[in-house]
>>> print(open('start-v2.txt').read())   # compact mmCIF, C-alpha atoms
# COMPACT_ATOMS: atom_id res chain seq x y z
CA MET T 1366 -22.46 -8.33 -19.17
CA ASN T 1367 -21.34 -4.75 -18.45
CA VAL T 1368 -17.59 -4.62 -17.74
CA ASN T 1369 -15.81 -2.14 -15.45
CA LEU T 1370 -12.78 -1.22 -17.55
CA LEU T 1371 -10.81 -0.11 -14.48
CA GLY T 1372 -10.41 -3.78 -13.61
CA LEU T 1373 -8.88 -4.95 -16.91
CA ASP T 1374 -5.13 -5.19 -17.42
CA ALA T 1375 -3.57 -4.75 -20.86
CA GLU T 1376 -4.12 -8.36 -21.94
CA GLN T 1377 -7.70 -8.50 -20.67
CA LEU T 1378 -8.54 -5.17 -22.31
CA ALA T 1379 -7.08 -6.41 -25.61
CA ASP T 1380 -9.29 -9.52 -25.37
CA PHE T 1381 -12.33 -7.38 -24.57
CA VAL T 1382 -11.71 -5.05 -27.52
CA ALA T 1383 -11.20 -8.07 -29.79
CA SER T 1384 -14.55 -9.47 -28.61
CA LEU T 1385 -16.13 -6.26 -29.95
CA GLY T 1386 -14.59 -6.94 -33.35
CA GLU T 1387 -12.00 -4.17 -33.04
CA LYS T 1388 -8.29 -4.09 -33.87
CA PRO T 1389 -5.63 -4.43 -31.11
CA PHE T 1390 -4.44 -0.80 -31.30
CA ARG T 1391 -7.86 0.30 -30.04
CA ALA T 1392 -7.03 -1.30 -26.67
CA ARG T 1393 -3.99 0.94 -26.27
CA GLN T 1394 -6.05 3.99 -27.18
CA LEU T 1395 -8.70 3.01 -24.67
CA THR T 1396 -6.09 2.43 -21.94
CA ARG T 1397 -4.76 5.96 -22.46
CA TRP T 1398 -8.23 7.49 -22.30
CA VAL T 1399 -9.25 5.60 -19.16
CA HIS T 1400 -6.05 5.66 -17.12
CA ARG T 1401 -3.69 8.32 -18.46
CA LEU T 1402 -6.41 10.89 -19.17
CA GLY T 1403 -8.90 9.79 -16.51
CA GLU T 1404 -11.85 9.94 -18.89
CA SER T 1405 -15.07 8.16 -17.92
CA ASP T 1406 -17.35 9.26 -20.77
CA PHE T 1407 -16.93 7.17 -23.91
CA ALA T 1408 -18.57 9.91 -25.99
CA ARG T 1409 -15.57 12.18 -25.29
CA MET T 1410 -12.99 9.64 -26.47
CA SER T 1411 -12.55 11.53 -29.69
CA ASN T 1412 -10.04 9.34 -31.54
CA LEU T 1413 -12.20 6.21 -31.18
CA ALA T 1414 -14.59 5.42 -34.00
CA ARG T 1415 -18.18 6.35 -33.25
CA SER T 1416 -19.22 2.72 -33.72
CA LEU T 1417 -16.74 1.63 -31.04
CA ARG T 1418 -17.89 4.35 -28.65
CA GLU T 1419 -21.45 3.12 -29.09
CA LYS T 1420 -20.42 -0.49 -28.43
CA LEU T 1421 -18.54 0.59 -25.30
CA ALA T 1422 -21.53 2.52 -24.01
CA GLU T 1423 -23.58 -0.67 -24.27
CA THR T 1424 -21.05 -3.14 -22.87
CA ALA T 1425 -18.72 -1.31 -20.48
CA HIS T 1426 -18.44 1.37 -17.82
CA ILE T 1427 -15.74 3.11 -15.75
CA ALA T 1428 -16.60 3.06 -12.06
CA PRO T 1429 -14.15 3.80 -9.24
CA PRO T 1430 -15.18 3.29 -5.60
CA ARG T 1431 -17.72 5.85 -4.39
CA ILE T 1432 -16.50 8.65 -2.12
CA VAL T 1433 -18.28 8.59 1.24
CA ARG T 1434 -16.13 11.20 2.96
CA ASP T 1435 -13.27 13.48 1.89
CA THR T 1436 -11.15 14.94 4.71
CA VAL T 1437 -8.12 17.23 4.64
CA ALA T 1438 -5.68 17.47 7.56
CA ASP T 1439 -3.98 20.62 8.78
CA ASP T 1440 -0.75 19.52 7.07
CA GLY T 1441 -2.47 19.00 3.69
CA THR T 1442 -2.78 15.22 3.95
CA ARG T 1443 -6.05 14.17 2.32
CA LYS T 1444 -8.05 11.05 3.17
CA TRP T 1445 -10.94 9.52 1.28
CA LEU T 1446 -13.35 7.03 2.80
CA LEU T 1447 -14.54 4.91 -0.12
CA ASP T 1448 -17.50 2.57 -0.46
CA VAL T 1449 -16.45 -0.67 -2.18
CA GLY T 1450 -19.84 -2.34 -1.91
CA ASN T 1451 -21.36 -5.10 0.21
CA GLY T 1452 -21.18 -2.93 3.30
CA SER T 1453 -17.39 -2.57 3.06
CA ALA T 1454 -15.41 0.66 3.12
CA ILE T 1455 -11.72 1.42 2.67
CA GLU T 1456 -9.50 4.44 3.17
CA THR T 1457 -7.00 5.99 0.75
CA VAL T 1458 -4.56 8.72 1.73
CA PHE T 1459 -2.66 11.32 -0.33
CA ILE T 1460 0.47 12.80 1.27
CA PRO T 1461 1.78 15.95 -0.43
CA GLU T 1462 5.44 16.92 -0.05
CA SER T 1463 7.61 19.53 -1.74
CA HIS T 1464 9.38 17.01 -4.00
CA ARG T 1465 6.72 14.33 -4.45
CA GLY T 1466 3.12 13.32 -3.91
CA THR T 1467 2.49 9.89 -2.43
CA LEU T 1468 -0.77 7.94 -2.57
CA CYS T 1469 -1.28 5.28 0.09
CA VAL T 1470 -3.53 2.59 -1.39
CA SER T 1471 -5.55 -0.17 0.30
CA THR T 1472 -5.71 -3.75 -1.04
CA GLN T 1473 -8.22 -5.32 1.35
CA ALA T 1474 -11.27 -4.16 3.26
CA GLY T 1475 -10.01 -4.91 6.74
CA CYS T 1476 -7.14 -7.31 7.38
CA THR T 1477 -6.69 -10.89 8.54
CA LEU T 1478 -3.32 -10.42 10.24
CA ALA T 1479 -4.54 -8.84 13.51
CA CYS T 1480 -1.31 -7.03 14.36
CA GLU T 1481 -1.76 -5.69 17.89
CA PHE T 1482 -0.79 -2.07 17.19
CA CYS T 1483 -2.83 -1.54 13.99
CA SER T 1484 -6.39 -0.26 13.97
CA THR T 1485 -7.15 -1.96 10.64
CA GLY T 1486 -6.41 -5.31 12.29
CA ARG T 1487 -8.93 -4.51 15.01
CA GLN T 1488 -11.56 -4.02 12.32
CA GLY T 1489 -11.37 -7.64 11.23
CA PHE T 1490 -11.48 -8.83 7.63
CA ASN T 1491 -14.29 -8.16 5.17
CA ARG T 1492 -12.98 -9.04 1.71
CA ASN T 1493 -10.22 -8.76 -0.86
CA LEU T 1494 -10.45 -5.74 -3.13
CA SER T 1495 -10.89 -6.25 -6.86
CA VAL T 1496 -8.46 -4.88 -9.43
CA ALA T 1497 -10.96 -2.10 -10.14
CA ASP T 1498 -11.16 -1.28 -6.41
CA ILE T 1499 -7.36 -1.00 -6.15
CA VAL T 1500 -6.64 0.86 -9.40
CA GLY T 1501 -9.81 2.90 -8.88
CA GLN T 1502 -8.19 4.56 -5.87
CA LEU T 1503 -5.40 5.91 -8.07
CA TRP T 1504 -7.80 6.86 -10.87
CA LEU T 1505 -10.08 8.67 -8.43
CA ALA T 1506 -7.27 10.44 -6.55
CA ASN T 1507 -5.82 11.79 -9.80
CA ARG T 1508 -9.22 13.21 -10.72
CA GLU T 1509 -9.95 14.63 -7.26
CA LEU T 1510 -6.51 16.24 -7.08
CA GLY T 1511 -6.99 17.93 -10.43
CA ALA T 1512 -4.24 16.11 -12.33
CA ALA T 1513 -4.04 17.67 -15.79
CA PRO T 1514 -3.53 15.35 -18.79
CA GLY T 1515 0.06 15.68 -19.95
CA GLY T 1516 0.90 17.95 -17.02
CA GLU T 1517 3.22 17.51 -14.07
CA ARG T 1518 2.44 14.44 -11.98
CA VAL T 1519 0.44 15.14 -8.85
CA ILE T 1520 0.92 11.55 -7.69
CA SER T 1521 4.54 10.57 -8.25
CA ASN T 1522 4.69 7.63 -5.83
CA VAL T 1523 2.28 4.89 -4.82
CA VAL T 1524 2.67 2.84 -1.65
CA LEU T 1525 0.56 -0.22 -0.99
CA MET T 1526 0.56 0.49 2.72
CA GLY T 1527 -3.13 1.15 3.30
CA MET T 1528 -5.65 -1.29 4.66
CA GLY T 1529 -4.88 -4.98 4.24
CA GLU T 1530 -1.97 -7.28 3.42
CA PRO T 1531 -1.29 -6.93 -0.33
CA LEU T 1532 0.31 -10.34 -0.71
CA LEU T 1533 -2.80 -12.09 0.65
CA ASN T 1534 -4.69 -10.59 -2.31
CA PHE T 1535 -1.90 -11.51 -4.66
CA ASP T 1536 -3.50 -11.88 -8.09
CA ASN T 1537 -5.56 -8.70 -7.88
CA THR T 1538 -2.67 -6.75 -6.39
CA VAL T 1539 -0.23 -7.81 -9.12
CA ALA T 1540 -2.75 -7.03 -11.87
CA ALA T 1541 -3.22 -3.57 -10.35
CA LEU T 1542 0.55 -3.08 -10.08
CA LYS T 1543 0.99 -3.91 -13.76
CA LEU T 1544 -1.54 -1.23 -14.67
CA MET T 1545 0.25 1.31 -12.48
CA LEU T 1546 3.51 0.49 -14.29
CA ASP T 1547 2.02 0.35 -17.81
CA ASP T 1548 3.33 3.23 -19.95
CA ASP T 1549 -0.06 3.52 -21.65
CA ALA T 1550 -1.77 3.81 -18.25
CA TYR T 1551 -0.04 5.51 -15.28
CA GLY T 1552 3.57 4.92 -16.31
CA LEU T 1553 4.96 4.81 -12.78
CA SER T 1554 8.52 3.64 -12.18
CA ARG T 1555 9.02 0.36 -10.33
CA ARG T 1556 11.25 2.30 -7.96
CA ARG T 1557 8.36 4.63 -7.13
CA VAL T 1558 5.83 1.91 -6.37
CA THR T 1559 6.34 0.27 -2.99
CA LEU T 1560 4.55 -2.80 -1.67
CA SER T 1561 4.52 -3.23 2.10
CA THR T 1562 4.10 -6.72 3.54
CA ALA T 1563 4.12 -8.28 6.98
CA GLY T 1564 6.29 -11.02 5.52
CA ILE T 1565 4.26 -13.60 3.58
CA VAL T 1566 7.31 -15.58 2.49
CA PRO T 1567 5.99 -17.62 -0.49
CA MET T 1568 4.28 -14.55 -1.94
CA ILE T 1569 7.44 -12.44 -1.64
CA ASP T 1570 9.08 -15.01 -3.92
CA ARG T 1571 6.14 -14.91 -6.36
CA LEU T 1572 6.21 -11.11 -6.43
CA GLY T 1573 9.89 -11.22 -7.35
CA ASP T 1574 9.08 -13.57 -10.23
CA GLU T 1575 6.00 -11.76 -11.55
CA CYS T 1576 6.19 -8.05 -10.78
CA PRO T 1577 9.12 -6.81 -8.69
CA VAL T 1578 8.62 -3.35 -7.22
CA ALA T 1579 10.22 -1.64 -4.24
CA LEU T 1580 9.69 -3.77 -1.13
CA ALA T 1581 8.98 -2.71 2.44
CA VAL T 1582 8.61 -5.22 5.26
CA SER T 1583 6.71 -4.46 8.45
CA LEU T 1584 9.24 -5.66 10.99
CA HIS T 1585 8.31 -3.95 14.27
CA ALA T 1586 10.34 -6.29 16.49
CA PRO T 1587 13.93 -7.54 16.38
CA THR T 1588 13.31 -11.04 17.80
CA ASP T 1589 10.85 -13.84 17.11
CA ALA T 1590 9.68 -13.89 20.73
CA LEU T 1591 8.52 -10.26 20.63
CA ARG T 1592 7.32 -10.34 17.03
CA ASP T 1593 5.19 -13.40 17.80
CA GLN T 1594 3.32 -11.25 20.32
CA LEU T 1595 2.98 -8.15 18.16
CA MET T 1596 2.41 -9.84 14.80
CA PRO T 1597 0.83 -13.33 14.87
CA ILE T 1598 1.95 -13.99 11.27
CA ASN T 1599 5.51 -14.35 12.61
CA ARG T 1600 4.56 -17.71 14.09
CA LYS T 1601 4.09 -18.98 10.53
CA TYR T 1602 6.91 -17.04 8.87
CA PRO T 1603 9.61 -16.28 11.46
CA LEU T 1604 12.30 -13.66 11.00
CA ALA T 1605 14.97 -15.98 9.55
CA GLU T 1606 12.60 -17.01 6.76
CA VAL T 1607 11.54 -13.42 6.10
CA ILE T 1608 15.16 -12.23 5.82
CA ALA T 1609 16.00 -15.13 3.49
CA ALA T 1610 13.02 -14.25 1.26
CA CYS T 1611 14.14 -10.61 1.17
CA LEU T 1612 17.64 -11.64 0.12
CA ARG T 1613 16.17 -13.66 -2.74
CA TYR T 1614 13.91 -10.75 -3.70
CA LEU T 1615 16.80 -8.29 -3.95
CA LYS T 1616 18.19 -10.25 -6.90
CA ARG T 1617 15.20 -9.03 -8.96
CA ALA T 1618 14.19 -5.83 -7.16
CA PRO T 1619 14.39 -2.37 -8.76
CA ARG T 1620 16.17 -1.07 -5.65
CA ASP T 1621 19.25 -2.58 -4.05
CA PHE T 1622 17.80 -2.51 -0.56
CA VAL T 1623 14.69 -3.51 1.39
CA THR T 1624 12.99 -1.04 3.71
CA PHE T 1625 12.15 -2.33 7.17
CA GLU T 1626 9.33 -0.52 8.96
CA TYR T 1627 9.53 -0.39 12.74
CA VAL T 1628 6.76 1.19 14.82
CA MET T 1629 8.06 2.69 18.07
CA LEU T 1630 6.06 1.45 21.08
CA LYS T 1631 6.95 2.82 24.50
CA GLY T 1632 8.42 0.17 26.77
CA VAL T 1633 7.72 -2.61 24.27
CA ASN T 1634 10.33 -2.50 21.47
CA ASP T 1635 12.23 0.76 21.96
CA GLY T 1636 15.00 -0.07 24.41
CA GLU T 1637 18.77 -0.12 23.89
CA GLU T 1638 18.85 -3.91 23.79
CA HIS T 1639 16.13 -3.88 21.13
CA ALA T 1640 18.30 -1.51 19.09
CA ARG T 1641 21.30 -3.84 19.42
CA GLN T 1642 19.14 -6.82 18.40
CA LEU T 1643 17.82 -4.89 15.41
CA ILE T 1644 21.36 -3.97 14.35
CA ARG T 1645 22.34 -7.65 14.37
CA LEU T 1646 19.28 -8.55 12.31
CA ALA T 1647 19.63 -5.70 9.81
CA SER T 1648 23.33 -6.38 9.29
CA GLN T 1649 22.38 -9.55 7.39
CA ILE T 1650 20.94 -7.66 4.40
CA GLU T 1651 21.16 -4.39 2.45
CA CYS T 1652 18.37 -2.39 4.03
CA LYS T 1653 17.08 0.91 5.29
CA ILE T 1654 15.06 1.21 8.48
CA ASN T 1655 12.10 3.52 8.80
CA LEU T 1656 11.17 4.21 12.42
CA ILE T 1657 7.47 5.05 12.77
CA PRO T 1658 6.26 6.89 15.86
CA PHE T 1659 3.17 4.98 17.01
CA ASN T 1660 -0.06 6.69 16.03
CA PRO T 1661 -2.63 6.12 18.78
CA PHE T 1662 -6.21 5.01 18.29
CA PRO T 1663 -8.94 4.28 20.84
CA GLY T 1664 -8.35 1.13 22.87
CA SER T 1665 -4.97 0.35 21.36
CA GLY T 1666 -3.27 -0.29 24.71
CA PHE T 1667 -0.01 1.19 23.41
CA VAL T 1668 1.77 4.52 23.83
CA ARG T 1669 4.13 6.28 21.41
CA SER T 1670 7.79 6.20 22.40
CA PRO T 1671 9.01 9.62 23.63
CA GLN T 1672 10.89 11.71 21.06
CA GLU T 1673 14.15 11.48 22.97
CA VAL T 1674 13.89 7.67 23.03
CA ILE T 1675 13.24 7.57 19.28
CA ARG T 1676 16.21 9.90 18.65
CA LYS T 1677 18.50 7.70 20.74
CA PHE T 1678 17.27 4.53 19.03
CA ASN T 1679 17.78 6.14 15.62
CA GLY T 1680 21.25 7.29 16.60
CA MET T 1681 22.34 3.82 17.70
CA LEU T 1682 21.30 2.32 14.37
CA ASN T 1683 22.92 5.03 12.27
CA THR T 1684 26.13 4.84 14.29
CA ALA T 1685 26.21 1.11 13.53
CA GLY T 1686 26.04 1.87 9.82
CA ILE T 1687 22.34 1.05 9.33
CA VAL T 1688 20.69 3.84 7.32
CA THR T 1689 17.77 4.87 9.51
CA THR T 1690 15.15 7.58 9.24
CA THR T 1691 12.22 8.53 11.44
CA ARG T 1692 8.98 8.96 9.59
CA ARG T 1693 7.31 12.31 10.00
CA THR T 1694 3.78 11.77 11.29
CA ARG T 1695 1.27 13.05 8.73
CA GLY T 1696 -2.50 13.34 8.92
CA ASP T 1697 -2.92 12.07 12.47
CA ASP T 1698 -5.53 14.75 13.20
CA ILE T 1699 -7.85 13.02 10.71
CA ASP T 1700 -6.77 9.44 11.60
CA ALA T 1701 -4.87 9.19 8.31
CA ALA T 1702 -1.48 8.32 9.81
CA CYS T 1703 0.26 4.96 9.62
CA GLY T 1704 -1.70 2.27 11.45
CA GLN T 1705 -4.85 4.36 11.84
CA LEU T 1706 -6.78 3.44 8.69
CA ALA T 1707 -10.11 1.98 9.74
CA GLY T 1708 -12.56 4.88 10.06
CA LYS T 1709 -14.29 4.50 13.40
CA ILE T 1710 -12.66 1.76 15.38
CA HIS T 1711 -14.76 -1.31 16.02
CA ASP T 1712 -12.70 -4.05 17.64
CA ARG T 1713 -14.19 -7.14 15.99
CA THR T 1714 -11.42 -9.47 17.06
CA GLY T 1715 -12.50 -9.93 20.67
CA ARG T 1716 -8.85 -10.13 21.68
CA SER T 1717 -7.41 -8.82 24.89
CA LEU T 1718 -3.93 -7.34 24.89
CA ARG T 1719 -1.31 -9.51 26.53
CA ILE T 1720 1.92 -7.89 25.41
CA GLU T 1721 4.69 -8.39 27.90
CA LYS T 1722 7.39 -5.77 28.10
CA ALA T 1723 10.57 -7.25 26.71
CA PRO T 1724 13.84 -6.53 28.44
CA SER T 1725 15.51 -3.24 27.53
>>> encode(input="start-v2.txt", output="structure tokens")
Amino acid sequence: MNVNLLGLDAEQLADFVASLGEKPFRARQLTRWVHRLGESDFARMSNLARSLREKLAETAHIAPPRIVRDTVADDGTRKWLLDVGNGSAIETVFIPESHRGTLCVSTQAGCTLACEFCSTGRQGFNRNLSVADIVGQLWLANRELGAAPGGERVISNVVLMGMGEPLLNFDNTVAALKLMLDDDAYGLSRRRVTLSTAGIVPMIDRLGDECPVALAVSLHAPTDALRDQLMPINRKYPLAEVIAACLRYLKRAPRDFVTFEYVMLKGVNDGEEHARQLIRLASQIECKINLIPFNPFPGSGFVRSPQEVIRKFNGMLNTAGIVTTTRRTRGDDIDAACGQLAGKIHDRTGRSLRIEKAPS
């Protein structure tokens, strides 16, 4: 059996190396070559014994997802369309800024949650990504961006905010997170790795137990009635349960707050009463709110809230003492902005939009 080393965490790699009759320290060396240095050719792993390099060439390989398309936006945002096999493709986005470089990683091909305002949800669900698929996005991006071994980080932050719901691919996501945090691999800080969830309550608790990183929750509505319409998962895990899970998570989290993401939809969730409802909800927990101007896609049925409406909404929250920022839209000219990751849009859900305007 030929093993893709990108999919093995520290324990699994140690077991694999032991199966080859090698000592444990070889696993750490191999981790550094594969992940820290981004090497894919065993012959160039110079501090490994020749006999081990020969064994690896026979039993293992290093294979990230295949690049189908590489697109760069006017603002420097870069998006890769990646083939993950079996007719499935995912998208990964790098967002460069003056003080950091953020990689937005996918955890599923498609998504089961069918949120009304998200193009990935319209794509339907294909499959969970493997550990190698998830980590391979970071490995590949480092190589494509020209990251130099031992040099300044090109990717300083990773956000699991791409295609899919990370907590519905829990085991593979956590294994990938542990590799991202491993000092022998990518050595990222828990504070610089953010997992975004729609609010899968039992899995939030498990994440806190097994691998706490920064947490973002896709909120998008301040009441159950409206969130039920926008995000069907709310019918299973309503807001009170989500907030309670977040409070439990903060006891283990690397940051002392949760980020709530809130997409701004004209006439749907952007009124003054919505702001007041959101203030009441957010006042229950240490949090920051990130307002996201809606990024349109064909057939969405929604319109972005006007800038003056977003400014007023932001102002009401900040005045109430809720730290609130408005996300700068990046990469929307190549469909790389928040909520747009799906390549060409094929609505496989067969759903018709029945969102009623809530009172404002």
>>> residues_around(input="start-v2.txt", residues="T:Leu1402", least_positions_apart="3", cutoff="12 Å", atoms="only C-alpha atoms", output="PyMOL selection string")
chain T and resi 1394-1399+1405-1406+1409-1410+1504-1505+1507-1508+1511-1516+1518+1549-1552
>>> closest_atom_pairs(input="start-v2.txt", of="stretch 1519-1633 of chain T", to="stretch 1658-1664 of chain T", cutoff="10 Å", atoms="only C-alpha atoms", output="Markdown table")
| residue | atom | partner | partner_atom | distance |
| --- | --- | --- | --- | --- |
| T:Tyr1627 | CA | T:Pro1658 | CA | 8.6 |
| T:Val1628 | CA | T:Phe1659 | CA | 5.7 |
| T:Met1629 | CA | T:Pro1658 | CA | 5.1 |
| T:Leu1630 | CA | T:Phe1659 | CA | 6.1 |
| T:Lys1631 | CA | T:Phe1659 | CA | 8.7 |
>>> atom_distance(input="start-v2.txt", atom1="atom CA of T:Arg1693", atom2="atom CA of T:Leu1656")
9.3 Å
>>> atom_distance(input="start-v2.txt", atom1="atom CA of T:Thr1684", atom2="atom CA of T:Gln1649")
16.4 Å
>>> residues_around(input="start-v2.txt", residues="T:Glu1481", least_positions_apart="3", cutoff="8 Å", atoms="all atoms listed in the file", output="list in words")
Gly1486, Arg1487, Gln1594, Leu1595, Met1596, Ser1665 and Leu1718 of chain T
>>> atom_distance(input="start-v2.txt", atom1="atom CA of T:Val1449", atom2="atom CA of T:Val1523")
19.7 Å
>>> closest_residue(input="start-v2.txt", among="T:Ile1569, T:Leu1643, T:Val1633, T:Leu1478", to="T:Pro1597", atoms="only C-alpha atoms")
T:Leu1478
>>> residues_around(input="start-v2.txt", residues="stretch 1496-1498 of chain T", least_positions_apart="3", cutoff="7 Å", atoms="only C-alpha atoms", output="ChimeraX atom specification")
/T:1371-1372,1429-1430,1449,1501-1502,1537-1538,1540-1541
>>> residues_around(input="start-v2.txt", residues="T:Gly1564", least_positions_apart="6", cutoff="8 Å", atoms="all atoms listed in the file", output="list in words")
Val1582, Ser1583, Ile1598, Asn1599, Tyr1602 and Val1607 of chain T
>>> closest_residue(input="start-v2.txt", among="T:Gly1403, T:Gly1680, T:Gly1636, T:Gly1529", to="T:Thr1477", atoms="only C-alpha atoms")
T:Gly1529
>>> residues_near_point(input="start-v2.txt", point="(16.2, -10.7, 3.4)", cutoff="9 Å", atoms="only C-alpha atoms", output="ChimeraX atom specification")
/T:1605-1615,1623,1647,1649-1652
>>> residues_near_point(input="start-v2.txt", point="(-13.3, 2.5, -22.0)", cutoff="7 Å", atoms="all atoms listed in the file", output="list in words")
Leu1370, Leu1395, Val1399, Phe1407, Leu1421, Ala1425, His1426 and Ile1427 of chain T
>>> residues_around(input="start-v2.txt", residues="T:Thr1467", least_positions_apart="2", cutoff="9 Å", atoms="all atoms listed in the file", output="list in words")
Val1458, Phe1459, Ile1460, Pro1461, Glu1462, Arg1465, Cys1469, Val1519, Ile1520, Ser1521, Asn1522, Val1523 and Val1524 of chain T
>>> write_last_selection(input="start-v2.txt", atoms="C-alpha atoms", output="short mmCIF file (atom, residue, chain, number, x, y, z; two decimals), in the coordinates of the input")
data_model
loop_
_atom_site.label_atom_id
_atom_site.label_comp_id
_atom_site.auth_asym_id
_atom_site.auth_seq_id
_atom_site.Cartn_x
_atom_site.Cartn_y
_atom_site.Cartn_z
CA VAL T 1458 -4.56 8.72 1.73
CA PHE T 1459 -2.66 11.32 -0.33
CA ILE T 1460 0.47 12.80 1.27
CA PRO T 1461 1.78 15.95 -0.43
CA GLU T 1462 5.44 16.92 -0.05
CA ARG T 1465 6.72 14.33 -4.45
CA CYS T 1469 -1.28 5.28 0.09
CA VAL T 1519 0.44 15.14 -8.85
CA ILE T 1520 0.92 11.55 -7.69
CA SER T 1521 4.54 10.57 -8.25
CA ASN T 1522 4.69 7.63 -5.83
CA VAL T 1523 2.28 4.89 -4.82
CA VAL T 1524 2.67 2.84 -1.65
#
>>> closest_residue(input="start-v2.txt", among="T:Val1668, T:Leu1468, T:Arg1492, T:His1585", to="T:Arg1557", atoms="only C-alpha atoms")
T:Leu1468
>>> closest_residue(input="start-v2.txt", among="T:Asn1655, T:Ser1495, T:Thr1562, T:Thr1485", to="T:Thr1690", atoms="all atoms listed in the file")
T:Asn1655
>>> build_atoms(input="start-v2.txt", residues="stretch 1519-1531 of chain T", atoms="N, CA and C atoms", output="CSV table (one decimal), in the coordinates of the input")
chain,number,residue,atom,x,y,z
T,1519,VAL,N,0.8,14.8,-10.2
T,1519,VAL,CA,0.4,15.1,-8.8
T,1519,VAL,C,0.8,14.0,-7.9
T,1520,ILE,N,0.5,12.8,-8.4
T,1520,ILE,CA,0.9,11.6,-7.7
T,1520,ILE,C,2.1,11.0,-8.4
T,1521,SER,N,3.3,11.1,-7.7
T,1521,SER,CA,4.5,10.6,-8.2
T,1521,SER,C,4.9,9.2,-7.7
T,1522,ASN,N,4.4,8.9,-6.5
T,1522,ASN,CA,4.7,7.6,-5.8
T,1522,ASN,C,3.4,7.0,-5.4
T,1523,VAL,N,3.4,5.7,-5.4
T,1523,VAL,CA,2.3,4.9,-4.8
T,1523,VAL,C,2.9,3.9,-3.8
T,1524,VAL,N,2.3,3.8,-2.6
T,1524,VAL,CA,2.7,2.8,-1.6
T,1524,VAL,C,1.5,2.0,-1.3
T,1525,LEU,N,1.6,0.7,-1.4
T,1525,LEU,CA,0.6,-0.2,-1.0
T,1525,LEU,C,0.8,-0.5,0.5
T,1526,MET,N,0.4,0.5,1.3
T,1526,MET,CA,0.6,0.5,2.7
T,1526,MET,C,-0.7,0.8,3.4
T,1527,GLY,N,-1.8,0.8,2.7
T,1527,GLY,CA,-3.1,1.2,3.3
T,1527,GLY,C,-3.7,-0.1,4.0
T,1528,MET,N,-5.0,-0.2,4.0
T,1528,MET,CA,-5.6,-1.3,4.7
T,1528,MET,C,-5.4,-2.6,4.0
T,1529,GLY,N,-5.0,-3.6,4.8
T,1529,GLY,CA,-4.9,-5.0,4.2
T,1529,GLY,C,-3.4,-5.4,4.0
T,1530,GLU,N,-3.3,-6.7,3.8
T,1530,GLU,CA,-2.0,-7.3,3.4
T,1530,GLU,C,-2.0,-7.6,1.9
T,1531,PRO,N,-1.2,-6.8,1.1
T,1531,PRO,CA,-1.3,-6.9,-0.3
T,1531,PRO,C,-1.0,-8.3,-0.8
